[in-house]
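Colleague: Structure supplied as protein_29.cif; contents: mmCIF, C-alpha atoms and all ligand atoms.
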```cif
data_data
#
loop_
_atom_site.label_atom_id
_atom_site.label_comp_id
_atom_site.auth_asym_id
_atom_site.auth_seq_id
_atom_site.Cartn_x
_atom_site.Cartn_y
_atom_site.Cartn_z
CA MET A 1 -30.59 9.20 39.37
CA ALA A 2 -29.43 7.18 36.41
CA THR A 3 -30.18 8.54 32.98
CA ALA A 4 -31.81 6.10 30.63
CA VAL A 5 -29.83 5.54 27.47
CA PRO A 6 -32.27 5.65 24.57
CA MET A 7 -32.41 2.58 22.41
CA ALA A 8 -31.44 3.27 18.82
CA THR A 9 -34.53 3.76 16.73
CA ARG A 10 -35.04 0.99 14.25
CA ILE A 11 -36.92 1.32 11.03
CA PRO A 12 -38.61 -1.55 9.20
CA VAL A 13 -37.47 -2.12 5.63
CA ARG A 14 -38.31 -4.58 2.89
CA ILE A 15 -35.67 -5.04 0.25
CA SER A 16 -35.40 -7.54 -2.57
CA VAL A 17 -31.83 -8.77 -2.95
CA ASN A 18 -30.93 -11.05 -5.85
CA GLY A 19 -34.60 -11.95 -6.21
CA THR A 20 -35.22 -12.79 -2.55
CA GLU A 21 -37.37 -10.51 -0.41
CA TYR A 22 -35.92 -9.56 2.98
CA ALA A 23 -37.69 -7.80 5.85
CA ALA A 24 -35.64 -6.28 8.65
CA GLU A 25 -35.54 -3.53 11.21
CA VAL A 26 -32.43 -1.42 10.86
CA GLU A 27 -30.86 1.63 12.41
CA PRO A 28 -31.35 4.73 10.25
CA ARG A 29 -27.57 5.11 9.91
CA LEU A 30 -26.97 1.58 8.59
CA LEU A 31 -25.30 1.71 5.19
CA LEU A 32 -26.55 -0.59 2.46
CA VAL A 33 -23.12 -2.20 2.12
CA HIS A 34 -23.19 -3.21 5.78
CA PHE A 35 -26.75 -4.48 5.50
CA LEU A 36 -25.68 -6.70 2.60
CA ARG A 37 -22.50 -7.95 4.24
CA ASP A 38 -23.39 -8.11 7.92
CA ASN A 39 -27.14 -8.76 7.94
CA LEU A 40 -27.43 -10.92 4.82
CA GLY A 41 -23.93 -12.41 4.69
CA LEU A 42 -23.41 -11.31 1.09
CA THR A 43 -19.73 -10.57 1.49
CA GLY A 44 -19.00 -10.38 -2.24
CA THR A 45 -19.70 -6.67 -1.95
CA HIS A 46 -16.52 -5.20 -0.51
CA VAL A 47 -15.59 -2.13 1.51
CA GLY A 48 -12.33 -0.70 0.22
CA CYS A 49 -12.35 2.84 1.55
CA ASP A 50 -14.23 5.25 3.75
CA THR A 51 -14.27 8.10 1.26
CA SER A 52 -16.62 6.77 -1.47
CA GLN A 53 -13.76 6.56 -3.95
CA CYS A 54 -12.79 2.93 -4.53
CA GLY A 55 -15.96 1.40 -6.01
CA ALA A 56 -15.42 -1.99 -4.36
CA CYS A 57 -18.97 -1.72 -3.03
CA VAL A 58 -20.85 -1.23 -6.32
CA VAL A 59 -24.22 -2.98 -6.61
CA TYR A 60 -27.35 -2.41 -8.62
CA LEU A 61 -30.21 -0.61 -6.90
CA ASP A 62 -33.38 -0.57 -8.99
CA GLY A 63 -31.32 -1.23 -12.09
CA LYS A 64 -28.76 1.50 -11.55
CA SER A 65 -25.23 0.88 -10.34
CA VAL A 66 -24.55 2.62 -7.03
CA LYS A 67 -21.81 2.69 -4.47
CA SER A 68 -23.55 0.91 -1.63
CA CYS A 69 -21.36 2.69 0.93
CA THR A 70 -23.11 5.91 -0.05
CA VAL A 71 -26.66 4.56 0.30
CA LEU A 72 -28.52 4.18 3.56
CA THR A 73 -30.39 0.91 3.90
CA VAL A 74 -33.60 2.83 4.56
CA GLN A 75 -33.16 4.53 1.18
CA ALA A 76 -33.33 1.11 -0.46
CA ASP A 77 -36.62 0.28 1.26
CA GLY A 78 -39.01 -1.17 -1.30
CA GLY A 79 -36.22 -1.46 -3.84
CA GLU A 80 -34.47 -4.22 -5.72
CA VAL A 81 -30.79 -4.81 -5.17
CA GLN A 82 -28.53 -7.03 -7.24
CA THR A 83 -25.09 -7.94 -5.96
CA ILE A 84 -22.19 -9.83 -7.49
CA GLU A 85 -23.69 -13.02 -6.00
CA GLY A 86 -26.76 -12.51 -8.19
CA LEU A 87 -24.96 -12.09 -11.51
CA ALA A 88 -24.48 -15.74 -12.49
CA LYS A 89 -27.60 -17.38 -13.86
CA ASP A 90 -28.42 -21.07 -13.48
CA GLY A 91 -24.88 -21.81 -12.39
CA VAL A 92 -23.30 -20.11 -15.40
CA TYR A 93 -21.18 -17.03 -15.00
CA ASP A 94 -22.15 -13.78 -16.66
CA PRO A 95 -19.92 -12.90 -19.67
CA VAL A 96 -18.27 -10.14 -17.63
CA GLN A 97 -17.28 -12.63 -14.94
CA GLN A 98 -15.99 -14.98 -17.63
CA GLY A 99 -14.04 -12.11 -19.16
CA PHE A 100 -12.21 -11.40 -15.91
CA TRP A 101 -11.31 -15.08 -15.70
CA GLU A 102 -10.21 -15.42 -19.30
CA MET A 103 -8.21 -12.20 -19.47
CA HIS A 104 -6.80 -12.39 -15.96
CA GLY A 105 -8.50 -9.17 -15.02
CA LEU A 106 -7.57 -9.45 -11.36
CA GLN A 107 -4.75 -10.11 -8.99
CA CYS A 108 -5.75 -9.85 -5.31
CA GLY A 109 -9.41 -9.66 -6.34
CA TYR A 110 -10.42 -7.06 -3.79
CA CYS A 111 -11.68 -4.57 -6.37
CA THR A 112 -13.11 -7.26 -8.63
CA PRO A 113 -16.76 -7.47 -7.53
CA GLY A 114 -17.16 -3.71 -7.89
CA MET A 115 -15.26 -3.71 -11.17
CA ILE A 116 -17.49 -6.42 -12.55
CA MET A 117 -20.67 -4.68 -11.45
CA SER A 118 -19.55 -1.37 -12.98
CA ALA A 119 -18.47 -3.12 -16.17
CA HIS A 120 -21.78 -4.97 -16.32
CA SER A 121 -23.61 -1.68 -15.96
CA LEU A 122 -21.53 -0.14 -18.75
CA LEU A 123 -22.33 -2.99 -21.14
CA GLN A 124 -26.04 -2.63 -20.41
CA ARG A 125 -25.82 0.99 -21.51
CA THR A 126 -23.16 0.65 -24.18
CA PRO A 127 -22.87 -2.88 -25.60
CA ASN A 128 -19.78 -2.17 -27.70
CA PRO A 129 -17.75 0.43 -25.81
CA SER A 130 -14.50 1.83 -27.06
CA GLU A 131 -11.41 1.48 -24.87
CA GLU A 132 -11.82 5.12 -23.94
CA GLU A 133 -15.44 4.54 -22.92
CA ILE A 134 -14.40 1.54 -20.81
CA ARG A 135 -11.70 3.51 -19.02
CA HIS A 136 -14.08 6.42 -18.48
CA ALA A 137 -16.76 4.09 -17.04
CA LEU A 138 -14.25 2.67 -14.55
CA GLU A 139 -13.15 6.04 -13.22
CA GLY A 140 -15.06 5.36 -10.01
CA ASN A 141 -13.36 2.01 -9.45
CA LEU A 142 -9.82 1.80 -8.16
CA CYS A 143 -7.49 -1.17 -8.54
CA ARG A 144 -4.15 -1.19 -6.78
CA CYS A 145 -2.81 -4.32 -8.46
CA THR A 146 -3.46 -4.82 -12.14
CA GLY A 147 -2.63 -1.58 -13.91
CA TYR A 148 -6.09 -1.87 -15.51
CA GLN A 149 -4.82 -3.30 -18.82
CA ASN A 150 -6.34 -6.73 -18.33
CA ILE A 151 -9.48 -5.30 -16.82
CA VAL A 152 -10.06 -3.42 -20.06
CA LYS A 153 -9.37 -6.62 -22.02
CA ALA A 154 -11.81 -8.51 -19.80
CA ILE A 155 -14.58 -6.05 -20.59
CA GLN A 156 -13.77 -6.13 -24.30
CA TYR A 157 -13.94 -9.92 -24.09
CA ALA A 158 -17.36 -9.70 -22.45
CA ALA A 159 -18.62 -7.21 -25.02
CA ASN A 160 -17.56 -9.57 -27.80
CA GLN A 161 -19.19 -12.54 -26.12
CA MET A 162 -22.42 -10.62 -25.64
CA SER A 163 -22.46 -9.45 -29.24
CA GLY A 164 -21.98 -13.03 -30.38
CA ALA A 165 -18.61 -12.31 -31.96
CA GLY A 166 -16.73 -14.36 -29.40
CA VAL A 167 -13.02 -14.27 -28.70
CA SER A 168 -10.76 -16.75 -27.03
CA GLY A 169 -8.77 -16.12 -23.88
CA ASN A 170 -5.22 -14.85 -24.08
CA GLY A 171 -3.89 -17.63 -21.93
CA SER A 172 -2.75 -15.26 -19.21
CA GLY A 173 -5.61 -16.15 -16.92
CA ALA A 174 -6.88 -19.55 -16.05
CA GLY A 175 -5.09 -21.46 -18.73
CA THR A 176 -7.23 -23.85 -20.69
CA HIS A 177 -10.03 -24.27 -18.22
CA ASN A 178 -13.28 -22.45 -18.89
CA PRO A 179 -14.98 -21.67 -15.60
CA GLN A 180 -18.46 -21.29 -17.02
CA ASP A 181 -19.84 -23.61 -14.42
CA VAL A 182 -19.92 -21.88 -11.03
CA GLY A 183 -19.76 -25.10 -9.02
CA ASP A 184 -16.75 -26.27 -11.02
CA TRP A 185 -14.90 -23.06 -10.28
CA LYS A 186 -15.63 -23.28 -6.57
CA GLY A 187 -14.34 -26.84 -6.63
CA GLU A 188 -11.11 -25.61 -8.17
CA LEU A 189 -10.65 -23.02 -5.47
CA ALA A 190 -11.13 -25.73 -2.88
CA GLY A 191 -8.45 -27.83 -4.55
CA GLU A 192 -10.98 -30.17 -6.14
CA SER A 193 -10.09 -29.49 -9.75
CA THR A 194 -11.36 -32.20 -12.08
S1 LIG B 1 -16.26 1.25 -0.14
FE1 LIG B 1 -17.66 2.30 -1.39
S2 LIG B 1 -16.45 3.54 -2.66
FE2 LIG B 1 -15.00 2.53 -1.38
S1 LIG B 2 -6.94 -6.85 -8.23
FE1 LIG B 2 -6.14 -6.11 -6.33
S2 LIG B 2 -7.16 -4.20 -6.11
FE2 LIG B 2 -7.71 -4.83 -8.08
#
```
Since I need it in another form, could you write the structure as C-alpha cells?
Ligand code: FES
Ligand code: FES
Modeller:
Amino acid sequence: MATAVPMATRIPVRISVNGTEYAAEVEPRLLLVHFLRDNLGLTGTHVGCDTSQCGACVVYLDGKSVKSCTVLTVQADGGEVQTIEGLAKDGVYDPVQQGFWEMHGLQCGYCTPGMIMSAHSLLQRTPNPSEEEIRHALEGNLCRCTGYQNIVKAIQYAANQMSGAGVSGNGSGAGTHNPQDVGDWKGELAGEST
C-alpha cells in the first residue's frame, strides 16, 4: 500500500514590504531572503553565501538591519520590511545610494545592496561616523572587489550630504552625471543616456 507523502505545512503571513502589505502562505522553513526574491520578485536583495557571513542580504525588519538569510519568513509575520528597492523616495536616490555612485563604491555590484542597507543603518544611528566606525559597521558585509576604500568614501559622502555640508564627487565614479533621478539612471543602464 502506497504511503501518502504529507504536503508541506503552510503558514499564513502578512508582511509589509516597502510600504505594501503582502499576504501569503509559506513553508515554515522559507527564509525571508527567498520570500523577497522568489515570491515578491525583489531581487535587489542578494544571496552571497550560505554561512551568514557576506551581508549581501541585509534588509530592514521593523527598523533594524538584519541579514534576511538568517530570518524565517514566519518570523517577519506582522512586521515591516524595507529593501534596497524601497530606499529611493519619489524617484530620488537616498544619499547613501548617491554616495556609492559618486565615489565609485562598487565594481561588480553584488555586495552593494547589502552594503548600502548596512551603511544606511549606520547613518541612522551615527550621522557623522569616523572612518573607524564606518569600517566597524561594515564588518558583517564582505566585498571581494573594491578593497573597501571607495565604500568608506561613499559613506562619508552620504554623511556629509545628510548633514548639509555637501561634497562633490571625486570623478572616479560616474563622471559628471548626477544620477539623482532613478528613471534617468535606469535609462543610462539601458543605453538611453540623455
Ligand atoms: S546571504 Fe546572508 S549573509 Fe550571505
Ligand atoms: S563590488 Fe563586487 S563584491 Fe563588492
Colleague: Find the distance between atom CA of A:His46 and atom S2 of ligand LIG 2 (chain B) and write it in Å to one decimal.
Modeller: 11.0 Å
Colleague: Collect all residues with atoms no farther than 10 Å from ligand LIG 2 (chain B), counting all atoms listed in the file, and output them as an MDAnalysis selection string.
Modeller: chainID A and resid 48 54 56 104:115 141:148 151
Colleague: Since we have the selection now, will you write its residues out, keeping C-alpha atoms, as a tab-separated table (two decimals), in the frame of the given file?
Modeller:
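Once written, selection_9.tsv looks like this:
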```
chain	number	residue	atom	x	y	z
A	48	GLY	CA	-12.33	-0.70	0.22
A	54	CYS	CA	-12.79	2.93	-4.53
A	56	ALA	CA	-15.42	-1.99	-4.36
A	104	HIS	CA	-6.80	-12.39	-15.96
A	105	GLY	CA	-8.50	-9.17	-15.02
A	106	LEU	CA	-7.57	-9.45	-11.36
A	107	GLN	CA	-4.75	-10.11	-8.99
A	108	CYS	CA	-5.75	-9.85	-5.31
A	109	GLY	CA	-9.41	-9.66	-6.34
A	110	TYR	CA	-10.42	-7.06	-3.79
A	111	CYS	CA	-11.68	-4.57	-6.37
A	112	THR	CA	-13.11	-7.26	-8.63
A	113	PRO	CA	-16.76	-7.47	-7.53
A	114	GLY	CA	-17.16	-3.71	-7.89
A	115	MET	CA	-15.26	-3.71	-11.17
A	141	ASN	CA	-13.36	2.01	-9.45
A	142	LEU	CA	-9.82	1.80	-8.16
A	143	CYS	CA	-7.49	-1.17	-8.54
A	144	ARG	CA	-4.15	-1.19	-6.78
A	145	CYS	CA	-2.81	-4.32	-8.46
A	146	THR	CA	-3.46	-4.82	-12.14
A	147	GLY	CA	-2.63	-1.58	-13.91
A	148	TYR	CA	-6.09	-1.87	-15.51
A	151	ILE	CA	-9.48	-5.30	-16.82
```
Colleague: Report, in Å to a single decimal, how far apart atom CA of A:Asp50 and atom S2 of ligand LIG 1 (chain B) are.
Modeller: 7.0 Å
Colleague: Just give me the gap between atom CA of A:Asp77 and atom CA of A:Ile15 in Å, one decimal is fine.
Modeller: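 Atom CA of A:Ile15 lies 5.5 Å from atom CA of A:Asp77.
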Colleague: At a cut-off of 7 Å and counting all atoms listed in the file, what residues surround ligand LIG 1 (chain B)? Please answer as an NGL selection string.
Modeller: :A and (46-58 or 67-70)
Colleague: Would you list the contacts of A:Asn128 as a count of residues only, taking every protein, DNA or RNA residue within 10 Å and counting all atoms listed in the file, but skipping same-chain residues closer than 4 positions in sequence?
Modeller: 12
Colleague: Considering all atoms listed in the file, state which residue in the set A:Asn150, A:Gln75, A:Thr3, A:Thr9 is at the smallest distance from A:Phe100.
Modeller: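 Among A:Asn150, A:Gln75, A:Thr3, A:Thr9, it is A:Asn150 that comes nearest to A:Phe100.
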Colleague: Kindly indicate which residue among A:Arg14, A:Lys89, A:His120, A:Lys64 lies nearest to A:Val26, using all atoms listed in the file for the distances.
Modeller: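 Looking only at the distances to A:Val26, the closest residue turns out to be A:Arg14.
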Colleague: Excluding same-chain residues fewer than 4 positions from A:Glu27, what lies within 12 Å of it counting only C-alpha atoms, as a PDB file with C-alpha atoms, keeping the file's coordinate frame?
Modeller:
```pdb
ATOM      1  CA  MET A   7     -32.410   2.580  22.410  1.00  0.00           C
ATOM      2  CA  ALA A   8     -31.440   3.270  18.820  1.00  0.00           C
ATOM      3  CA  THR A   9     -34.530   3.760  16.730  1.00  0.00           C
ATOM      4  CA  ARG A  10     -35.040   0.990  14.250  1.00  0.00           C
ATOM      5  CA  ILE A  11     -36.920   1.320  11.030  1.00  0.00           C
ATOM      6  CA  PRO A  12     -38.610  -1.550   9.200  1.00  0.00           C
ATOM      7  CA  VAL A  13     -37.470  -2.120   5.630  1.00  0.00           C
ATOM      8  CA  LEU A  31     -25.300   1.710   5.190  1.00  0.00           C
ATOM      9  CA  LEU A  32     -26.550  -0.590   2.460  1.00  0.00           C
ATOM     10  CA  HIS A  34     -23.190  -3.210   5.780  1.00  0.00           C
ATOM     11  CA  PHE A  35     -26.750  -4.480   5.500  1.00  0.00           C
ATOM     12  CA  ASN A  39     -27.140  -8.760   7.940  1.00  0.00           C
ATOM     13  CA  LEU A  72     -28.520   4.180   3.560  1.00  0.00           C
ATOM     14  CA  THR A  73     -30.390   0.910   3.900  1.00  0.00           C
ATOM     15  CA  VAL A  74     -33.600   2.830   4.560  1.00  0.00           C
ATOM     16  CA  GLN A  75     -33.160   4.530   1.180  1.00  0.00           C
TER      17      GLN A  75
END
```
